[in-house]
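Visitor: To start, I am sharing the structure in question, which I have written as structure tokens.
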Amino acid sequence: MNPLKKHLPSAVVALAALGTISSLMPPRSGPGFDAQAFGALPVLHDGRVKPLDSLARSALLMLRGKQTATAEDGRRLTASQWLLETLAHAEAADKAKVFMINDPDVLAVIGHKAEEGRFYAFSELSGALDELRAQAEQARRLEASARSRFQAAAVSLEDRLTLYQRLKNSLQVEDTVDLPRELAAFSAALLPGVRAIQAHTRGGAKGFDMKALQALTAFFERYRFLASAAAFHALPPLSGESPDEWLTMGDGLLGSIKANSHHPAIADYALLTMAYRAGDVKNFNSTLADYRIWIDAHLPKTAAQARWEVVFNRAEPFYQGILLYAGVLLLCFASWLLWEEPLRRAALALLQYAFVVHSLGLAWRVILQGRPPVTNLYSSAIFIGWFAVLLSLVVERMSRRGFGTLVAGAVGSTTLIIAHNLTGSGDTMEMMRAVLDSNFWLATHVVTVTIGYSSTFLAAALAHVYILRGLLTPTLDKDSARDLVKMTYGVICFSLFFSFVGTVLGGIWADQSWGRFWGWDPKENGALLIVLWNAIILHARWGGYARDRGVMVMAVFGGIITSLSWFGVNMLGIGLHSYGFMDKAFYALAAFSAVELAVMAAGALPGRFWRSRAVIAGPVL
């Protein structure tokens with residue numbers, strides 16, 4: 001055998017591994033501000049302790065649809081660099097083009113046109129803030145499903161503007177010029193102000209220092225605003241306090257009035273913001289190093305986990321998975337044109353490597369979150385893709401015809417693309433809702449029923465291979481067709497079992513959490529439909545009502561039912577399982593269903609239209 005063909009699988013995996021290793025390498029620290037180390041600082045946001053890097057990435061995805069920003073001078077800013085500038089130098093951050101606006105009517109409100117671009121700075125929007133808020137307020141009076149395109153866009157933009165303004169007011173009030181000097185003035189006003197308050201309490205309207213009281217009141221109002229506006233809690237709990245007692249900068253400063261002393265982290269954040277504004281790299285990096293030493297000593301596990309999450313963010317295992325699974329598909333397609341056996345082996349080797357990356361990413365995420373693998377729609381897409389690829393590897397092991405490899409590449413890349421498109425809704429490691437964070441039965445129910453989703457999608461994908469290959473090519477021989485039908489049949493049996501068990505486990509959990517086993521909730525109905533449809537396919541086969549092609553056509557429809565149960569019920573906005581209205585996915589889901597119906601119609605065409613006529617003969621049913 002040609003040495004190139006012989007070693008092609010190893011070479012493909014080696015190149016893929018080099019790409020993975022390079023993503024794990026930290027970027028070189030230049031002579032400037034150490035934004036990478038700043039991004040590793042832990043904070044509490046949305047009920048979860050996370051590094052500032054994760055907060056910055058999720059915020060930018062919501063604002064801009066990307067994890068990078070562009071400064072006024074055209075410099076590319078990482079997420080941590082952008083957040084640092086937003087927190088410490090609001091005037092400069094206001095000029096970065098971080099707001100993505102596509103709606104022409106919204107652009108008209110701010111005085112721009114679609115041809116001028118999609119990205120705008122806060123400074124370009126500030127003049128139209130009152131009008132935008134008025135339009136958003138009017139739109140909020142309507143149900144989300146009843147809003148026009150412009151109203152939905154106005155609400156979205158107003159939400160993003162609010163997020164941005166909260167970030168700017170998280171470490172200091174955005175008009176602050178010198179926070180250390182302000183804190184010194186606050187400290188000087190504390191004791192006289194407290195004495196004035198005490199004297200006023202004892203003596204009424206006389207016998208106290210009015211100026212001292214007014215000075216402290218001004219700081220009180222300023223820091224009360226900072227406490228209410230902050231997007232995250234930056235001050236970690238002190239020794240002896242509960243791990244959940246993180247404070248915003250405003251709360252920490254207000255607490256100084258009672259304790260007559262500052263939280264130890266306040267001074268570090270003040271020095272960091274001032275050094276950044278002044279361009280003092282040396283003092284910024286030295287203060288940051290001192291604060292990290294304090295965090296490591298005070299909260300070693302929290303600090304270590306935050307650093308590991310930064311590495312996870314940088315590695316982007318699921319984005320790599322998209323590229324790797326797409327590479328598997330390309331190798332499969334190429335094997336149909338030349339070097340069939342070497343390229344098929346290379347595709348399988350790359351698939352196995354992609355599955356390892358996918359598995360490590362899933363396990364890493366579970367460890368970081370401390371939760372089961374499925375906690376929201378994003379994680380369900382990750383897990384569904386992972387389990388479908390696992391089943392595909394088993395199928396490939398049994399058939400050795402390349403079907404499992406092809407299907408795994410398609411399903412793996414598709415599900416990870418779906419997950420990637422869900423990142424724009426916020427933190428993908430968000431804490432589970434209280435109604436979901438209850439007991440053992442929930443974790444087993446969600447994982448088991450998601451396995452049912454995975455296997456139903458896999459059966460639909462195998463059916464696509466059967467229909468499209470038989471319809472469009474003459475290469476579907478009898479052995480291949482028989483193997484595809486057997487594999488699809490077996491996967492449907494597997495799916496029926498896990499869908500049924502997962503649905504029953506969900507009923508047990510619902511009985512313990514809500515006091516009833518079944519309530520005809522839309523999500524429950526969707527799960528039941530998956531069970532019933534898989535059972536109908538098997539009974540149709542057993543009773544002789546559906547032949548090979550009929551089973552495959554019905555399996556394709558199983559994919560439609562599963563997608564409606566997975567995403568469709570969230571669009572209804574009703575029911576105990578509706579955790580987020582997903583109107584943006586409506587058109588994608590409608591397009592997917594239309595394509596699948598077209599594939600079903602193609603599969604039902606008479607045998608004379610099929611190029612593999614020797615195999616596809618006779619009626620569908």
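By order of appearance in the structure tokens: chains A, B, ..., then residues from 1 within every chain, and ligands from 1 in the order shown.
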Select from region 327-406 of chain A everything DSSP, run on the backbone, classes as helix (DSSP H, G or I), then give the selection as a PyMOL selection string.
Guide: chain A and resi 327-335+340-369+377-399+403-406
Visitor: Which residues are near region 448-451 of chain A? Cut-off 8 Å, only C-alpha atoms, ignore same chain within fewer than 2 positions. Put them as a ChimeraX atom specification.
Guide: /A:380,383-384,387,444-446,453-455,495,498-503,527
Visitor: With N, CA and C atoms retained, export the selected residues as a PDB file, in the first residue's frame.
Guide:
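Written output follows (selection.pdb):
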```pdb
ATOM      1  N   SER A 380     -28.327  20.447  26.598  1.00  0.00           N
ATOM      2  CA  SER A 380     -29.040  19.321  25.981  1.00  0.00           C
ATOM      3  C   SER A 380     -28.548  19.087  24.563  1.00  0.00           C
ATOM      4  N   PHE A 383     -25.225  17.309  24.828  1.00  0.00           N
ATOM      5  CA  PHE A 383     -25.352  15.911  25.236  1.00  0.00           C
ATOM      6  C   PHE A 383     -26.020  15.061  24.156  1.00  0.00           C
ATOM      7  N   ILE A 384     -27.027  15.612  23.507  1.00  0.00           N
ATOM      8  CA  ILE A 384     -27.689  14.858  22.436  1.00  0.00           C
ATOM      9  C   ILE A 384     -26.692  14.518  21.331  1.00  0.00           C
ATOM     10  N   PHE A 387     -24.178  11.747  22.639  1.00  0.00           N
ATOM     11  CA  PHE A 387     -24.702  10.380  22.711  1.00  0.00           C
ATOM     12  C   PHE A 387     -25.021   9.843  21.320  1.00  0.00           C
ATOM     13  N   THR A 444     -31.826  11.840  36.664  1.00  0.00           N
ATOM     14  CA  THR A 444     -31.958  10.616  35.872  1.00  0.00           C
ATOM     15  C   THR A 444     -32.995  10.787  34.764  1.00  0.00           C
ATOM     16  N   HIS A 445     -34.080  11.494  35.063  1.00  0.00           N
ATOM     17  CA  HIS A 445     -35.110  11.724  34.040  1.00  0.00           C
ATOM     18  C   HIS A 445     -34.555  12.517  32.867  1.00  0.00           C
ATOM     19  N   VAL A 446     -33.890  13.634  33.142  1.00  0.00           N
ATOM     20  CA  VAL A 446     -33.422  14.501  32.066  1.00  0.00           C
ATOM     21  C   VAL A 446     -32.389  13.784  31.206  1.00  0.00           C
ATOM     22  N   TYR A 453     -33.970  11.305  22.922  1.00  0.00           N
ATOM     23  CA  TYR A 453     -33.876  12.285  21.837  1.00  0.00           C
ATOM     24  C   TYR A 453     -32.737  11.921  20.882  1.00  0.00           C
ATOM     25  N   SER A 454     -31.563  11.645  21.467  1.00  0.00           N
ATOM     26  CA  SER A 454     -30.371  11.368  20.663  1.00  0.00           C
ATOM     27  C   SER A 454     -30.598  10.196  19.723  1.00  0.00           C
ATOM     28  N   SER A 455     -31.133   9.119  20.257  1.00  0.00           N
ATOM     29  CA  SER A 455     -31.296   7.918  19.435  1.00  0.00           C
ATOM     30  C   SER A 455     -32.383   8.099  18.382  1.00  0.00           C
ATOM     31  N   SER A 495     -34.322   3.677  21.294  1.00  0.00           N
ATOM     32  CA  SER A 495     -34.942   4.965  21.574  1.00  0.00           C
ATOM     33  C   SER A 495     -36.260   4.793  22.310  1.00  0.00           C
ATOM     34  N   PHE A 498     -35.529   4.072  26.087  1.00  0.00           N
ATOM     35  CA  PHE A 498     -35.052   5.192  26.882  1.00  0.00           C
ATOM     36  C   PHE A 498     -36.073   6.327  26.930  1.00  0.00           C
ATOM     37  N   SER A 499     -36.822   6.532  25.856  1.00  0.00           N
ATOM     38  CA  SER A 499     -37.854   7.563  25.877  1.00  0.00           C
ATOM     39  C   SER A 499     -38.942   7.211  26.881  1.00  0.00           C
ATOM     40  N   PHE A 500     -39.333   5.953  26.890  1.00  0.00           N
ATOM     41  CA  PHE A 500     -40.370   5.518  27.818  1.00  0.00           C
ATOM     42  C   PHE A 500     -39.889   5.608  29.265  1.00  0.00           C
ATOM     43  N   VAL A 501     -38.699   5.066  29.531  1.00  0.00           N
ATOM     44  CA  VAL A 501     -38.163   5.100  30.901  1.00  0.00           C
ATOM     45  C   VAL A 501     -37.956   6.542  31.353  1.00  0.00           C
ATOM     46  N   GLY A 502     -37.417   7.388  30.451  1.00  0.00           N
ATOM     47  CA  GLY A 502     -37.206   8.786  30.805  1.00  0.00           C
ATOM     48  C   GLY A 502     -38.501   9.509  31.114  1.00  0.00           C
ATOM     49  N   THR A 503     -39.553   9.200  30.379  1.00  0.00           N
ATOM     50  CA  THR A 503     -40.850   9.828  30.629  1.00  0.00           C
ATOM     51  C   THR A 503     -41.431   9.379  31.962  1.00  0.00           C
ATOM     52  N   ALA A 527     -42.876  14.465  24.980  1.00  0.00           N
ATOM     53  CA  ALA A 527     -42.167  13.229  25.327  1.00  0.00           C
ATOM     54  C   ALA A 527     -43.036  12.010  25.036  1.00  0.00           C
TER      55      ALA A 527
END
```
Visitor: Find the residues near Gln36 (chain A): any atom within 12 Å, counting only C-alpha atoms, skip ones fewer than 4 places away on the same chain, and give them as a ChimeraX atom specification.
Guide: /A:26-30,32,40-41,51-54,56,77-84,285,288-289,307,310-311,313-314
Visitor: Looking at A:Cys493, A:Ala154, A:Leu564, A:Ala134, which one is nearest to Arg541 (chain A), with distances taken over only C-alpha atoms?
Guide: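 Of A:Cys493, A:Ala154, A:Leu564, A:Ala134, the one nearest Arg541 (chain A), counting only C-alpha atoms, is A:Cys493.
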Visitor: Which is closest to Val155 (chain A) among A:Leu532, A:Leu129, A:Gln135, A:Glu143, if we use only C-alpha atoms?
Guide: A:Gln135
Visitor: May I ask for the distance between CA of Glu524 (chain A) and CA of Thr375 (chain A), given in Å to one decimal place?
Guide: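 These two atoms are separated by 17.0 Å.
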Visitor: Write out as number ranges by chain the residues lying within 10 Å of region 318-332 of chain A, counting only C-alpha atoms and excluding same-chain residues fewer than 2 positions away.
Guide: A: 12-13, 16, 19-20, 23, 315-316, 334-337, 340, 342-362, 382, 389, 402-403, 405-417, 419-420
Visitor: Considering only strand (DSSP E) as DSSP defines it on the backbone, what residues of region 29-122 of chain A qualify? List them as a list in words.
Guide: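 Everything in region 29-122 of chain A that counts as strand (DSSP E) is Pro42, Val43, Leu44, His45, Arg48, Val49, Lys50, Pro51, Ala69, Thr70, Arg76, Leu77, Lys97, Val98, Phe99, Met100, Phe119, Tyr120 and Ala121 of chain A.
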Visitor: Atoms to include: C-alpha atoms. Write the selected residues as an mmCIF file, in the first residue's frame.
Guide:
```cif
data_model
loop_
_atom_site.group_PDB
_atom_site.id
_atom_site.type_symbol
_atom_site.label_atom_id
_atom_site.label_comp_id
_atom_site.auth_asym_id
_atom_site.auth_seq_id
_atom_site.Cartn_x
_atom_site.Cartn_y
_atom_site.Cartn_z
ATOM 1 C CA PRO A 42 -13.697 35.181 40.343
ATOM 2 C CA VAL A 43 -16.968 37.069 40.809
ATOM 3 C CA LEU A 44 -20.565 36.092 41.555
ATOM 4 C CA HIS A 45 -22.946 36.608 38.642
ATOM 5 C CA ARG A 48 -22.820 31.336 39.966
ATOM 6 C CA VAL A 49 -19.204 32.086 40.833
ATOM 7 C CA LYS A 50 -17.324 32.478 37.566
ATOM 8 C CA PRO A 51 -14.263 34.244 36.191
ATOM 9 C CA ALA A 69 -14.870 43.672 20.343
ATOM 10 C CA THR A 70 -13.394 46.443 18.223
ATOM 11 C CA ARG A 76 -9.257 43.938 18.286
ATOM 12 C CA LEU A 77 -10.099 43.502 21.955
ATOM 13 C CA LYS A 97 -18.703 49.227 18.432
ATOM 14 C CA VAL A 98 -20.281 46.482 20.511
ATOM 15 C CA PHE A 99 -23.997 46.768 19.695
ATOM 16 C CA MET A 100 -25.198 44.699 16.744
ATOM 17 C CA PHE A 119 -22.205 47.471 14.688
ATOM 18 C CA TYR A 120 -22.548 50.676 16.673
ATOM 19 C CA ALA A 121 -20.987 52.234 19.772
#
```
